[in-house]
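Trainee: Just so it is clear, I am handing over coords29.csv, which has CSV, C-alpha atoms and all ligand atoms.
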```csv
chain,number,residue,atom,x,y,z
B,1,MET,CA,26.1,34.5,118.4
B,2,THR,CA,28.8,32.8,120.5
B,3,VAL,CA,27.5,34.1,123.9
B,4,GLU,CA,24.1,32.5,123.0
B,5,ARG,CA,25.8,29.3,121.9
B,6,ALA,CA,27.7,29.1,125.1
B,7,ALA,CA,24.4,29.6,127.0
B,8,SER,CA,22.7,26.9,124.9
B,9,LEU,CA,25.6,24.4,125.4
B,10,PHE,CA,25.4,25.0,129.2
B,11,SER,CA,21.6,24.7,129.3
B,12,ALA,CA,21.5,21.6,127.1
B,13,THR,CA,24.1,19.9,129.2
B,14,PHE,CA,23.1,20.9,132.7
B,15,GLY,CA,19.4,21.5,132.4
B,16,ARG,CA,19.4,25.1,133.7
B,17,PRO,CA,20.8,28.5,132.5
B,18,PRO,CA,24.4,29.7,133.5
B,19,ARG,CA,24.9,32.3,136.1
B,20,VAL,CA,27.7,34.0,134.2
B,21,ILE,CA,29.4,33.9,130.8
B,22,THR,CA,32.9,35.3,130.3
B,23,SER,CA,35.3,35.3,127.4
B,24,ALA,CA,39.1,35.8,126.9
B,25,PRO,CA,41.2,35.9,123.7
B,26,GLY,CA,44.3,34.2,122.4
B,27,ARG,CA,47.4,36.4,121.7
B,28,VAL,CA,50.1,37.1,119.3
B,29,ASN,CA,53.4,38.5,120.5
B,30,LEU,CA,54.6,41.4,118.3
B,31,ILE,CA,58.1,41.4,119.8
B,32,GLY,CA,59.9,40.4,123.1
B,33,GLU,CA,60.2,36.6,122.7
B,34,HIS,CA,61.5,34.3,125.5
B,35,THR,CA,62.1,37.3,127.7
B,36,ASP,CA,59.2,37.0,130.1
B,37,TYR,CA,60.7,34.3,132.3
B,38,SER,CA,63.9,36.3,132.5
B,39,GLY,CA,62.4,39.5,133.8
B,40,GLY,CA,62.4,41.2,130.4
B,41,GLU,CA,59.8,43.1,128.4
B,42,VAL,CA,57.2,41.8,126.0
B,43,LEU,CA,54.7,43.4,123.6
B,44,PRO,CA,51.8,41.1,122.8
B,45,PHE,CA,48.3,41.9,121.6
B,46,ALA,CA,45.0,40.0,121.9
B,47,ILE,CA,43.7,38.5,118.7
B,48,GLY,CA,40.2,38.2,117.3
B,49,TRP,CA,39.5,34.6,118.5
B,50,ARG,CA,38.2,33.9,122.0
B,51,THR,CA,37.2,31.2,124.4
B,52,TRP,CA,33.8,31.6,126.1
B,53,VAL,CA,33.1,30.0,129.5
B,54,ALA,CA,29.5,29.7,130.9
B,55,MET,CA,29.3,28.8,134.6
B,56,ALA,CA,26.9,28.3,137.5
B,57,PRO,CA,27.3,26.8,141.0
B,58,ALA,CA,27.0,23.0,140.9
B,59,ASN,CA,24.0,21.2,142.2
B,60,GLY,CA,26.1,18.1,143.2
B,61,ALA,CA,29.3,17.5,145.1
B,62,THR,CA,31.6,17.7,142.0
B,63,SER,CA,32.4,20.1,139.3
B,64,ARG,CA,31.3,19.1,135.7
B,65,VAL,CA,32.9,20.5,132.5
B,66,VAL,CA,31.7,20.2,128.9
B,67,SER,CA,33.4,21.5,125.8
B,68,ALA,CA,31.9,22.1,122.4
B,69,THR,CA,35.0,20.4,120.9
B,70,GLN,CA,35.6,17.5,123.3
B,71,GLN,CA,33.7,14.3,123.8
B,72,GLY,CA,31.6,13.8,127.0
B,73,THR,CA,31.4,15.6,130.3
B,74,ARG,CA,34.3,15.5,132.7
B,75,THR,CA,34.1,15.8,136.5
B,76,PHE,CA,36.5,16.9,139.2
B,77,ASP,CA,36.4,18.1,142.8
B,78,ILE,CA,37.6,21.6,143.1
B,79,ALA,CA,39.2,20.7,146.5
B,80,SER,CA,41.4,18.0,144.8
B,81,ALA,CA,45.0,19.1,144.2
B,82,THR,CA,45.6,16.3,141.6
B,83,PRO,CA,45.5,17.1,137.9
B,84,SER,CA,43.9,14.6,135.6
B,85,GLY,CA,46.3,15.2,132.7
B,86,SER,CA,43.4,16.2,130.4
B,87,TRP,CA,42.3,19.6,129.0
B,88,CYS,CA,40.0,20.2,131.9
B,89,ASP,CA,43.0,20.8,134.2
B,90,TYR,CA,43.1,24.4,132.8
B,91,VAL,CA,39.6,24.9,134.2
B,92,HIS,CA,40.3,23.0,137.5
B,93,GLY,CA,43.6,24.8,138.0
B,94,ALA,CA,42.1,28.3,137.3
B,95,LEU,CA,39.3,27.6,139.8
B,96,ARG,CA,41.6,26.4,142.5
B,97,GLU,CA,43.6,29.6,142.2
B,98,ILE,CA,40.5,31.7,142.5
B,99,VAL,CA,39.5,29.8,145.6
B,100,ALA,CA,43.1,30.3,147.0
B,101,LEU,CA,42.5,34.0,146.5
B,102,GLY,CA,39.5,33.8,148.8
B,103,ALA,CA,36.6,33.4,146.3
B,104,ASP,CA,33.9,31.1,147.7
B,105,THR,CA,33.3,29.4,144.4
B,106,GLY,CA,32.6,25.9,145.5
B,107,ASN,CA,32.1,23.3,142.8
B,108,VAL,CA,30.6,24.6,139.6
B,109,ASP,CA,29.2,23.4,136.2
B,110,VAL,CA,31.1,24.8,133.2
B,111,ALA,CA,30.5,24.9,129.5
B,112,VAL,CA,33.5,25.9,127.2
B,113,LEU,CA,33.3,27.0,123.6
B,114,GLY,CA,35.7,28.9,121.5
B,115,ASP,CA,37.5,29.6,118.3
B,116,VAL,CA,41.1,30.2,119.3
B,117,PRO,CA,43.1,27.9,117.0
B,118,ALA,CA,44.5,25.1,119.2
B,119,GLY,CA,48.1,23.9,119.0
B,120,ALA,CA,49.2,26.9,117.0
B,121,GLY,CA,51.0,28.7,119.8
B,122,LEU,CA,48.3,31.4,120.0
B,123,SER,CA,47.7,30.7,123.7
B,124,SER,CA,44.4,28.9,123.6
B,125,SER,CA,45.2,27.5,127.1
B,126,ALA,CA,45.7,31.0,128.5
B,127,ALA,CA,42.4,32.1,127.1
B,128,LEU,CA,40.7,29.2,128.8
B,129,GLU,CA,42.4,29.8,132.1
B,130,VAL,CA,41.7,33.6,132.1
B,131,ALA,CA,38.0,33.2,131.1
B,132,THR,CA,37.5,30.5,133.7
B,133,ALA,CA,39.2,32.5,136.5
B,134,LEU,CA,37.0,35.5,135.6
B,135,ALA,CA,33.8,33.4,135.5
B,136,GLY,CA,34.8,31.8,138.9
B,137,ILE,CA,35.3,35.3,140.5
B,138,ILE,CA,31.8,36.5,139.2
B,139,CYS,CA,30.2,33.2,140.1
B,140,ALA,CA,31.3,33.6,143.7
B,141,ARG,CA,28.9,36.5,143.7
B,142,GLY,CA,31.4,39.2,143.2
B,143,SER,CA,33.3,38.6,146.4
B,144,LEU,CA,36.5,39.3,144.5
B,145,LEU,CA,35.3,41.9,142.0
B,146,ALA,CA,38.0,44.2,143.1
B,147,SER,CA,40.6,41.6,142.1
B,148,TRP,CA,40.5,41.9,138.3
B,149,ASP,CA,44.1,42.7,139.0
B,150,HIS,CA,44.7,39.2,140.2
B,151,LEU,CA,43.2,37.6,137.1
B,152,ALA,CA,46.4,37.1,135.0
B,153,ALA,CA,48.5,36.0,138.0
B,154,ALA,CA,45.9,33.4,139.1
B,155,ALA,CA,45.6,32.1,135.5
B,156,HIS,CA,49.4,32.0,135.2
B,157,ARG,CA,49.7,30.0,138.5
B,158,ALA,CA,47.1,27.5,137.1
B,159,GLU,CA,49.4,26.9,134.2
B,160,THR,CA,52.7,26.7,136.1
B,161,GLU,CA,51.6,25.1,139.3
B,162,PHE,CA,48.6,22.9,138.4
B,163,VAL,CA,49.1,22.0,134.7
B,164,GLY,CA,52.8,22.0,135.3
B,165,VAL,CA,54.2,24.0,132.3
B,166,ALA,CA,57.0,26.4,133.2
B,167,CYS,CA,56.1,29.6,131.3
B,168,GLY,CA,56.3,33.3,131.8
B,169,LEU,CA,53.5,35.8,132.5
B,170,MET,CA,53.0,37.0,129.0
B,171,ASP,CA,50.2,34.9,127.6
B,172,GLN,CA,47.8,35.2,130.6
B,173,THR,CA,48.5,38.9,131.0
B,174,ALA,CA,47.8,39.7,127.3
B,175,SER,CA,44.6,37.6,127.4
B,176,ALA,CA,43.4,39.3,130.6
B,177,TYR,CA,44.3,43.0,130.0
B,178,ALA,CA,44.9,43.7,126.3
B,179,THR,CA,42.7,46.4,124.6
B,180,GLU,CA,41.5,46.9,121.1
B,181,GLY,CA,43.8,48.9,118.9
B,182,HIS,CA,46.8,48.5,121.3
B,183,ALA,CA,49.7,46.2,122.0
B,184,LEU,CA,50.4,45.6,125.7
B,185,ARG,CA,53.8,46.5,126.9
B,186,LEU,CA,54.6,44.4,130.0
B,187,TRP,CA,57.6,44.7,132.2
B,188,CYS,CA,57.9,41.1,133.5
B,189,ASP,CA,60.1,42.0,136.4
B,190,SER,CA,57.6,44.3,138.1
B,191,GLY,CA,54.3,43.5,136.3
B,192,ARG,CA,54.0,47.1,135.2
B,193,ARG,CA,51.8,47.4,132.0
B,194,GLU,CA,51.2,50.1,129.4
B,195,HIS,CA,48.9,50.2,126.3
B,196,VAL,CA,50.7,51.1,123.1
B,197,PRO,CA,48.6,52.2,120.1
B,198,PHE,CA,48.9,49.5,117.4
B,199,ASP,CA,46.1,49.3,114.9
B,200,ARG,CA,47.6,47.5,111.9
B,201,ASP,CA,46.6,44.2,110.2
B,202,VAL,CA,48.9,41.4,111.0
B,203,LEU,CA,49.2,38.2,109.0
B,204,VAL,CA,49.5,35.0,111.0
B,205,ILE,CA,50.8,31.9,109.4
B,206,ASP,CA,50.7,28.6,111.3
B,207,THR,CA,53.3,26.2,109.9
B,208,CYS,CA,51.2,23.3,111.4
B,209,LYS,CA,54.2,21.4,112.8
B,210,PRO,CA,53.4,18.9,115.6
B,211,ARG,CA,54.5,20.4,118.9
B,212,ASP,CA,55.9,17.3,120.6
B,213,LEU,CA,59.3,18.7,121.4
B,214,ARG,CA,58.1,22.2,122.4
B,215,ASP,CA,57.7,21.6,126.1
B,216,SER,CA,61.0,19.9,126.7
B,217,ALA,CA,62.9,22.4,124.5
B,218,PHE,CA,61.2,25.2,126.4
B,219,ASN,CA,62.3,23.8,129.8
B,220,ASP,CA,65.9,23.4,128.4
B,221,ARG,CA,66.0,27.1,127.4
B,222,PHE,CA,64.5,28.1,130.8
B,223,ALA,CA,67.3,26.2,132.5
B,224,SER,CA,70.0,27.7,130.2
B,225,CYS,CA,68.7,31.2,131.1
B,226,GLN,CA,68.9,30.4,134.8
B,227,ARG,CA,72.5,29.2,134.5
B,228,ALA,CA,73.5,32.3,132.6
B,229,LEU,CA,71.9,34.5,135.3
B,230,ALA,CA,73.8,32.6,138.0
B,231,ALA,CA,77.1,33.1,136.1
B,232,ILE,CA,76.4,36.8,135.7
B,233,ARG,CA,75.4,37.1,139.4
B,234,ARG,CA,78.7,35.5,140.5
B,235,MET,CA,80.3,38.6,138.8
B,236,ASP,CA,77.6,41.1,139.9
B,237,PRO,CA,75.2,40.0,142.6
B,238,SER,CA,73.1,43.1,142.1
B,239,ILE,CA,71.6,41.7,138.8
B,240,GLN,CA,68.2,40.2,139.7
B,241,HIS,CA,67.1,39.2,136.2
B,242,LEU,CA,68.9,38.0,133.1
B,243,ALA,CA,67.2,40.7,131.1
B,244,HIS,CA,68.7,43.4,133.3
B,245,ALA,CA,72.3,42.3,132.4
B,246,SER,CA,74.3,44.1,129.7
B,247,MET,CA,75.8,42.5,126.7
B,248,GLU,CA,79.3,43.2,128.2
B,249,MET,CA,78.3,41.2,131.3
B,250,ALA,CA,77.1,38.3,129.3
B,251,ASP,CA,80.3,38.3,127.3
B,252,ALA,CA,82.6,38.6,130.4
B,253,ALA,CA,80.9,36.1,132.8
B,254,VAL,CA,82.2,32.6,132.9
B,255,MET,CA,79.6,30.3,131.3
B,256,ASP,CA,79.0,27.7,128.7
B,257,ALA,CA,79.1,29.1,125.1
B,258,VAL,CA,75.6,27.9,124.4
B,259,ASP,CA,74.2,29.5,127.6
B,260,ARG,CA,76.0,32.7,126.5
B,261,ARG,CA,74.1,32.8,123.2
B,262,ARG,CA,70.8,32.3,125.0
B,263,ALA,CA,71.7,35.2,127.3
B,264,ARG,CA,72.6,37.4,124.3
B,265,HIS,CA,69.2,36.8,122.8
B,266,VAL,CA,67.4,37.7,126.0
B,267,ILE,CA,69.3,40.9,126.5
B,268,SER,CA,69.1,42.1,122.9
B,269,GLU,CA,65.4,41.1,122.6
B,270,THR,CA,64.5,43.1,125.6
B,271,ALA,CA,66.2,46.2,124.1
B,272,ARG,CA,64.2,45.6,120.9
B,273,VAL,CA,60.9,45.9,122.8
B,274,GLY,CA,61.7,49.5,123.8
B,275,ALA,CA,62.9,50.3,120.3
B,276,MET,CA,59.7,48.8,118.9
B,277,VAL,CA,57.6,51.0,121.1
B,278,GLU,CA,59.6,54.1,119.9
B,279,ALA,CA,59.1,53.0,116.3
B,280,LEU,CA,55.4,52.6,116.8
B,281,GLU,CA,55.1,56.0,118.5
B,282,SER,CA,57.0,57.8,115.8
B,283,GLY,CA,55.5,55.9,112.8
B,284,ARG,CA,58.9,54.5,111.8
B,285,PRO,CA,59.1,51.1,109.9
B,286,LEU,CA,59.0,48.0,112.2
B,287,GLY,CA,60.7,45.6,109.8
B,288,ASP,CA,64.3,45.8,110.9
B,289,LEU,CA,63.4,45.1,114.5
B,290,LEU,CA,61.1,42.2,113.6
B,291,PHE,CA,63.7,40.6,111.4
B,292,ALA,CA,66.5,41.2,114.0
B,293,SER,CA,64.3,39.4,116.5
B,294,HIS,CA,63.8,36.5,114.2
B,295,GLN,CA,67.5,36.2,113.5
B,296,SER,CA,68.3,36.2,117.2
B,297,LEU,CA,65.7,33.6,117.9
B,298,ARG,CA,67.0,31.5,115.0
B,299,ASP,CA,70.7,31.8,115.6
B,300,ASP,CA,71.2,32.5,119.4
B,301,PHE,CA,68.1,31.1,121.0
B,302,GLU,CA,67.7,28.3,118.3
B,303,CYS,CA,64.0,27.9,118.6
B,304,SER,CA,63.1,28.5,114.9
B,305,THR,CA,62.4,25.7,112.4
B,306,PRO,CA,63.3,25.5,108.7
B,307,GLU,CA,59.6,26.0,107.9
B,308,LEU,CA,59.4,29.3,110.0
B,309,ASP,CA,62.6,30.5,108.4
B,310,TRP,CA,61.2,29.8,105.0
B,311,VAL,CA,58.0,31.7,105.7
B,312,VAL,CA,59.9,34.7,107.1
B,313,ASP,CA,62.4,34.8,104.2
B,314,LEU,CA,59.6,34.5,101.6
B,315,ALA,CA,57.5,37.3,103.2
B,316,MET,CA,60.6,39.6,103.6
B,317,SER,CA,61.3,39.2,99.9
B,318,ARG,CA,57.9,40.6,98.9
B,319,ARG,CA,57.3,44.2,98.0
B,320,GLY,CA,55.3,46.1,100.6
B,321,VAL,CA,56.2,43.8,103.5
B,322,ASP,CA,57.6,45.7,106.4
B,323,GLY,CA,58.8,42.8,108.6
B,324,ALA,CA,58.3,39.2,109.7
B,325,ARG,CA,59.3,36.9,112.5
B,326,LEU,CA,58.4,33.8,114.4
B,327,THR,CA,56.0,34.5,117.3
B,328,GLY,CA,55.4,32.6,120.5
B,329,ALA,CA,57.6,29.8,121.8
B,330,GLY,CA,58.8,28.6,118.4
B,331,TRP,CA,59.8,25.0,117.5
B,332,GLY,CA,56.9,25.2,115.1
B,333,GLY,CA,53.8,27.3,115.5
B,334,CYS,CA,53.3,30.7,113.8
B,335,ALA,CA,55.1,33.4,112.0
B,336,ILE,CA,53.7,37.0,111.8
B,337,VAL,CA,54.0,39.4,108.9
B,338,VAL,CA,53.4,43.2,109.0
B,339,GLY,CA,53.1,45.2,105.8
B,340,THR,CA,50.8,47.2,103.5
B,341,PRO,CA,47.2,45.8,103.2
B,342,GLU,CA,47.9,45.0,99.5
B,343,ALA,CA,51.1,43.1,100.4
B,344,LEU,CA,49.4,41.1,103.1
B,345,ALA,CA,46.4,40.3,100.8
B,346,ALA,CA,48.8,39.1,98.1
B,347,LEU,CA,50.6,36.9,100.6
B,348,VAL,CA,47.3,35.4,101.8
B,349,ASP,CA,46.8,34.1,98.2
B,350,GLU,CA,50.4,33.1,97.7
B,351,ILE,CA,51.6,31.5,100.9
B,352,GLY,CA,49.3,28.5,101.1
B,353,PRO,CA,50.1,26.9,97.7
B,354,ALA,CA,53.8,27.8,97.9
B,355,PHE,CA,54.2,26.4,101.4
B,356,GLU,CA,52.3,23.2,100.3
B,357,THR,CA,54.7,22.7,97.4
B,358,ALA,CA,57.7,23.3,99.6
B,359,TRP,CA,56.7,21.3,102.8
B,360,GLY,CA,53.9,19.0,101.7
B,361,ARG,CA,51.2,20.3,104.1
B,362,THR,CA,48.7,23.2,104.1
B,363,PRO,CA,49.5,26.0,106.5
B,364,ARG,CA,46.7,27.9,108.3
B,365,VAL,CA,46.7,31.6,107.4
B,366,TRP,CA,44.7,34.4,109.2
B,367,LEU,CA,44.6,38.2,109.1
B,368,THR,CA,44.1,39.7,112.6
B,369,ARG,CA,44.3,43.0,114.5
B,370,ALA,CA,44.7,44.0,118.1
B,371,GLU,CA,41.5,43.2,120.0
B,372,ASP,CA,40.1,43.4,123.5
B,373,GLY,CA,41.2,41.2,126.4
B,374,ALA,CA,38.9,39.3,128.8
B,375,ASP,CA,35.3,40.4,129.4
B,376,VAL,CA,32.2,39.6,131.3
B,377,ASP,CA,29.6,38.9,128.6
B,378,TYR,CA,26.6,38.0,130.7
B,379,VAL,CA,25.6,37.9,134.4
B,380,GLU,CA,22.3,36.6,135.7
B,381,THR,CA,20.3,39.4,137.3
L,1,LIG,C1,55.3,30.6,125.4
L,1,LIG,C2,55.2,30.9,126.9
L,1,LIG,C3,55.3,32.4,127.2
L,1,LIG,C4,56.6,32.9,126.5
L,1,LIG,C5,56.7,32.5,125.1
L,1,LIG,C6,58.0,32.9,124.5
L,1,LIG,O1,54.2,31.2,124.7
L,1,LIG,O2,53.9,30.5,127.4
L,1,LIG,O3,55.3,32.7,128.6
L,1,LIG,O4,57.7,32.5,127.3
L,1,LIG,O5,56.5,31.1,125.0
L,1,LIG,O6,58.1,34.3,124.4
```
How does this structure look as C-alpha cells?

Mentor:
Amino acid sequence: MTVERAASLFSATFGRPPRVITSAPGRVNLIGEHTDYSGGEVLPFAIGWRTWVAMAPANGATSRVVSATQQGTRTFDIASATPSGSWCDYVHGALREIVALGADTGNVDVAVLGDVPAGAGLSSSAALEVATALAGIICARGSLLASWDHLAAAAHRAETEFVGVACGLMDQTASAYATEGHALRLWCDSGRREHVPFDRDVLVIDTCKPRDLRDSAFNDRFASCQRALAAIRRMDPSIQHLAHASMEMADAAVMDAVDRRRARHVISETARVGAMVEALESGRPLGDLLFASHQSLRDDFECSTPELDWVVDLAMSRRGVDGARLTGAGWGGCAIVVGTPEALAALVDEIGPAFETAWGRTPRVWLTRAEDGADVDYVET
C-alpha cells in the first residue's frame, strides 16, 4: 500500500529506511468560501486523497527531497530563508516553521508520494505542508509532540510567509484536524473548531481550467476585503473583521461599489455557514444554501467561470440533486454536487461527455466523502 510505497521510495533514494511516515489529505469546502481571511466561518472536510511524507534525519549538511511525481532529487539547507521557487518550498517552509516552534529537526531526507489531484483547487499544497510539518515534529524525536495544535498554524505560515501565497487558515486546518464522517466548522477569527456530522457522498467535478490568473485575482479580492473593512471601521472601529460586520454596515459605509459587493459576499456567506450547520443537524435539504453561495460567489465576489456556472446549472436541473456550487478559490478548479446516490451516479456518467461537447476538454470527476485528517502512519521503534 501507499505507506509501503513511501518507505520504498525513501529507501531506494537514500539507502536506508525512514524514521517516520506521515500523511495528510486534500480538502473540499462544503460552504464558507472566501471568508477565512476576513475572520469568517468555513465548513470544509478532508477528502479521500492524501500525501505521504517519509522522513529521517539527514546524514549530510543539506536536506534532500525526492517526489514520486517529480524528476530528480532536490536539496536545500533548512537554515536558509530563501525559497527556490520550486515545489520543494512547501517542504522547506513547513520544516522551517517546525524549527521556529522549537523542534530540533536539523536537516532531513524526505520522500513524498501522494494522490491528491494537483492544480484542481483541492489543497494538494496544504496536504504536503501538513504532512511535512507533522513528520518534522516526530522526526525531532517527539520534542514537540504536545504541539499537534500548532500543526495547521505552522503549515499555514509556510504557505503565506515562505511560499508567499496570501491565503486564509482553512486548507491547512482541514488537512490537519478533519475527521471521518464530519465536516470541520472553523471560526477563523478565534481558531475555534467543531466537528459537524456529514456522511454523504459528494461529487467533485474539476473543470480543468489552467490556473494562471488565480493567484493575482485572489490577491485582488484580499485587498478589496481589506479596503471594505477599513471603510466599515471608519464608521464603527469596534469591528475587527469584515465577516463581523452587518449587511447594513456594508451598505452604509463609504466605499467603492465593487468593494461593497465583495463585502456583501463575505457577510452573507458567513451567515450561510451557520445556516448549513443547522440544516445538517436537522436533516433539512442543503440545496438552497449551496446554490445561494454559488450565486453570491458568481455575482458579488466574481470568482466563478462560465464552465463552473455551466456545471452548477446542469447539476441543479437534474432530478435528485440537492445542490451544487463552486468550491475553493474559484477562477477555475472544482464544483461540488450533493444529492441522492442515484442522481450522483447518473451525473458521473453524464457530465464528462456533456462537458466535453460544450467546452472541448475532459473534466475530472470523483465521488468522495468526509475522511480523516493528518495521521502518523509509521514511526521507527
Ligand atoms: C483558497 C485559499 C483558502 C480560502 C479559499 C477560498 O483555497 O487557500 O484559504 O481562502 O481559497 O475560500

Trainee: Using all atoms listed in the file, can you tell me which of B:Gly287, B:Gly48, B:Pro237, B:Pro18 comes closest to Leu122 (chain B)?

Mentor: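 Checking each candidate against Leu122 (chain B), we get B:Gly48 as the closest.
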
Trainee: Taking all atoms listed in the file and a cut-off of 7 Å, can you tell me which residues surround ligand LIG 1 (chain L), written as a ChimeraX atom specification?

Mentor: /B:32-37,121,123,167-171,328-329

Trainee: Restricting the calculation to all atoms listed in the file, which member of B:His294, B:Arg157, B:Arg318, B:Arg200 is positioned closest to Arg272 (chain B)?

Mentor: B:His294

Trainee: Rank B:Ala217, B:Ala131, B:Leu280, B:Pro57 by their smallest atom-to-atom distance to Gly332 (chain B), using only C-alpha atoms, and report the top residue only.

Mentor: B:Ala217

Trainee: Name the residues in contact with region 75-84 of chain B at a cut-off of 8 Å, using only C-alpha atoms, excluding same-chain residues fewer than 5 positions from it; report them as a count of residues only.

Mentor: 14

Trainee: What is the CA of His195 (chain B)-CA of Arg50 (chain B) distance in Å, reported with one decimal?

Mentor: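 Straight-line distance from CA of His195 (chain B) to CA of Arg50 (chain B) works out to 20.0 Å.
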
Trainee: Of the residues B:Arg262, B:Leu344, B:Arg74, B:Ala6, which is the one nearest to Ala223 (chain B), using all atoms listed in the file?

Mentor: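 Result for the nearest residue to Ala223 (chain B): B:Arg262.
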
Trainee: Using all atoms listed in the file, which residues sit within 8 Å of region 361-373 of chain B once same-chain residues fewer than 3 positions away are excluded, as a ChimeraX atom specification?

Mentor: /B:24-25,45-48,174-183,198-208,348,352-353,355-357

Trainee: In Å, rounded to a single decimal, give me how far CA of Leu242 (chain B) is from CA of Ala120 (chain B).

Mentor: 27.8 Å

Trainee: Which residues of region 125-214 of chain B come within 10 Å of region 108-114 of chain B, and what is each one's closest atom pair and distance in Å (one decimal), counting all atoms listed in the file, sorted by chain and residue number, as JSON lines?

Mentor:
```
{"residue": "B:Ala127", "atom": "CA", "partner": "B:Gly114", "partner_atom": "CA", "distance": 9.3}
{"residue": "B:Leu128", "atom": "CA", "partner": "B:Val112", "partner_atom": "CA", "distance": 8.1}
{"residue": "B:Ala131", "atom": "CA", "partner": "B:Val112", "partner_atom": "CA", "distance": 9.4}
{"residue": "B:Thr132", "atom": "CA", "partner": "B:Val110", "partner_atom": "CA", "distance": 8.6}
{"residue": "B:Ala135", "atom": "CA", "partner": "B:Val110", "partner_atom": "CA", "distance": 9.3}
{"residue": "B:Gly136", "atom": "CA", "partner": "B:Val108", "partner_atom": "CA", "distance": 8.4}
{"residue": "B:Cys139", "atom": "CA", "partner": "B:Val108", "partner_atom": "CA", "distance": 8.6}
{"residue": "B:Ala140", "atom": "CA", "partner": "B:Val108", "partner_atom": "CA", "distance": 9.9}
```

Trainee: Restricting the calculation to only C-alpha atoms: of B:Ala354, B:Trp331, B:Ala68, B:Gly283, which residue gets closest to Trp310 (chain B)?

Mentor: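 Closest to Trp310 (chain B), using only C-alpha atoms: B:Ala354.
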
Trainee: Using only C-alpha atoms for the distances, tell me which of B:Gly330, B:Ala56, B:Arg319, B:Ser238 is nearest to Ala346 (chain B).

Mentor: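 Ranking B:Gly330, B:Ala56, B:Arg319, B:Ser238 by distance to Ala346 (chain B), first place goes to B:Arg319.
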
Trainee: What does the distance between CA of Gly39 (chain B) and CA of Ser124 (chain B) come to in Å, to one decimal place?

Mentor: 23.2 Å

Trainee: From (71.3, 31.7, 117.5), in the file's coordinates, out to 12 Å: which residues are reached, counting only C-alpha atoms? Answer as a list in words.

Mentor: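 Checking each residue against the 12 Å limit leaves Ala257, Val258, Asp259, Arg260, Arg261, Arg262, Ala263, Arg264, His265, Val266, Ser268, Ala292, Ser293, His294, Gln295, Ser296, Leu297, Arg298, Asp299, Asp300, Phe301, Glu302, Cys303, Ser304 and Thr305 of chain B.
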
Trainee: Residues at most 7 Å from Ala155 (chain B), counting all atoms listed in the file, excluding those fewer than 6 positions away in the same chain, as a list in words?

Mentor: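 Those residues are Ala94, Glu129, Val130, Ala133 and Gln172 of chain B.
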
Trainee: Provide region 127-140 of chain B rebuilt to N, CA and C atoms, formatted as a PDB file, keeping the file's coordinate frame.

Mentor:
```
ATOM      1  N   ALA B 127      43.749  31.578 127.231  1.00  0.00           N
ATOM      2  CA  ALA B 127      42.400  32.100 127.100  1.00  0.00           C
ATOM      3  C   ALA B 127      41.409  31.333 127.932  1.00  0.00           C
ATOM      4  N   LEU B 128      41.560  30.016 127.966  1.00  0.00           N
ATOM      5  CA  LEU B 128      40.700  29.200 128.800  1.00  0.00           C
ATOM      6  C   LEU B 128      40.876  29.466 130.277  1.00  0.00           C
ATOM      7  N   GLU B 129      42.135  29.564 130.681  1.00  0.00           N
ATOM      8  CA  GLU B 129      42.400  29.800 132.100  1.00  0.00           C
ATOM      9  C   GLU B 129      41.875  31.183 132.546  1.00  0.00           C
ATOM     10  N   VAL B 130      42.093  32.212 131.716  1.00  0.00           N
ATOM     11  CA  VAL B 130      41.700  33.600 132.100  1.00  0.00           C
ATOM     12  C   VAL B 130      40.135  33.641 132.124  1.00  0.00           C
ATOM     13  N   ALA B 131      39.476  33.103 131.095  1.00  0.00           N
ATOM     14  CA  ALA B 131      38.000  33.200 131.100  1.00  0.00           C
ATOM     15  C   ALA B 131      37.420  32.382 132.242  1.00  0.00           C
ATOM     16  N   THR B 132      38.031  31.252 132.588  1.00  0.00           N
ATOM     17  CA  THR B 132      37.500  30.500 133.700  1.00  0.00           C
ATOM     18  C   THR B 132      37.742  31.208 135.036  1.00  0.00           C
ATOM     19  N   ALA B 133      38.924  31.781 135.216  1.00  0.00           N
ATOM     20  CA  ALA B 133      39.200  32.500 136.500  1.00  0.00           C
ATOM     21  C   ALA B 133      38.221  33.658 136.642  1.00  0.00           C
ATOM     22  N   LEU B 134      37.954  34.372 135.548  1.00  0.00           N
ATOM     23  CA  LEU B 134      37.000  35.500 135.600  1.00  0.00           C
ATOM     24  C   LEU B 134      35.609  35.022 135.938  1.00  0.00           C
ATOM     25  N   ALA B 135      35.181  33.963 135.271  1.00  0.00           N
ATOM     26  CA  ALA B 135      33.800  33.400 135.500  1.00  0.00           C
ATOM     27  C   ALA B 135      33.754  32.944 136.983  1.00  0.00           C
ATOM     28  N   GLY B 136      34.832  32.330 137.485  1.00  0.00           N
ATOM     29  CA  GLY B 136      34.800  31.800 138.900  1.00  0.00           C
ATOM     30  C   GLY B 136      34.679  32.995 139.858  1.00  0.00           C
ATOM     31  N   ILE B 137      35.351  34.105 139.573  1.00  0.00           N
ATOM     32  CA  ILE B 137      35.300  35.300 140.500  1.00  0.00           C
ATOM     33  C   ILE B 137      33.810  35.797 140.485  1.00  0.00           C
ATOM     34  N   ILE B 138      33.201  35.919 139.300  1.00  0.00           N
ATOM     35  CA  ILE B 138      31.800  36.500 139.200  1.00  0.00           C
ATOM     36  C   ILE B 138      30.838  35.477 139.847  1.00  0.00           C
ATOM     37  N   CYS B 139      31.078  34.199 139.583  1.00  0.00           N
ATOM     38  CA  CYS B 139      30.200  33.200 140.100  1.00  0.00           C
ATOM     39  C   CYS B 139      30.121  33.139 141.588  1.00  0.00           C
ATOM     40  N   ALA B 140      31.259  33.501 142.192  1.00  0.00           N
ATOM     41  CA  ALA B 140      31.300  33.600 143.700  1.00  0.00           C
ATOM     42  C   ALA B 140      30.604  34.823 144.144  1.00  0.00           C
TER      43      ALA B 140
END
```
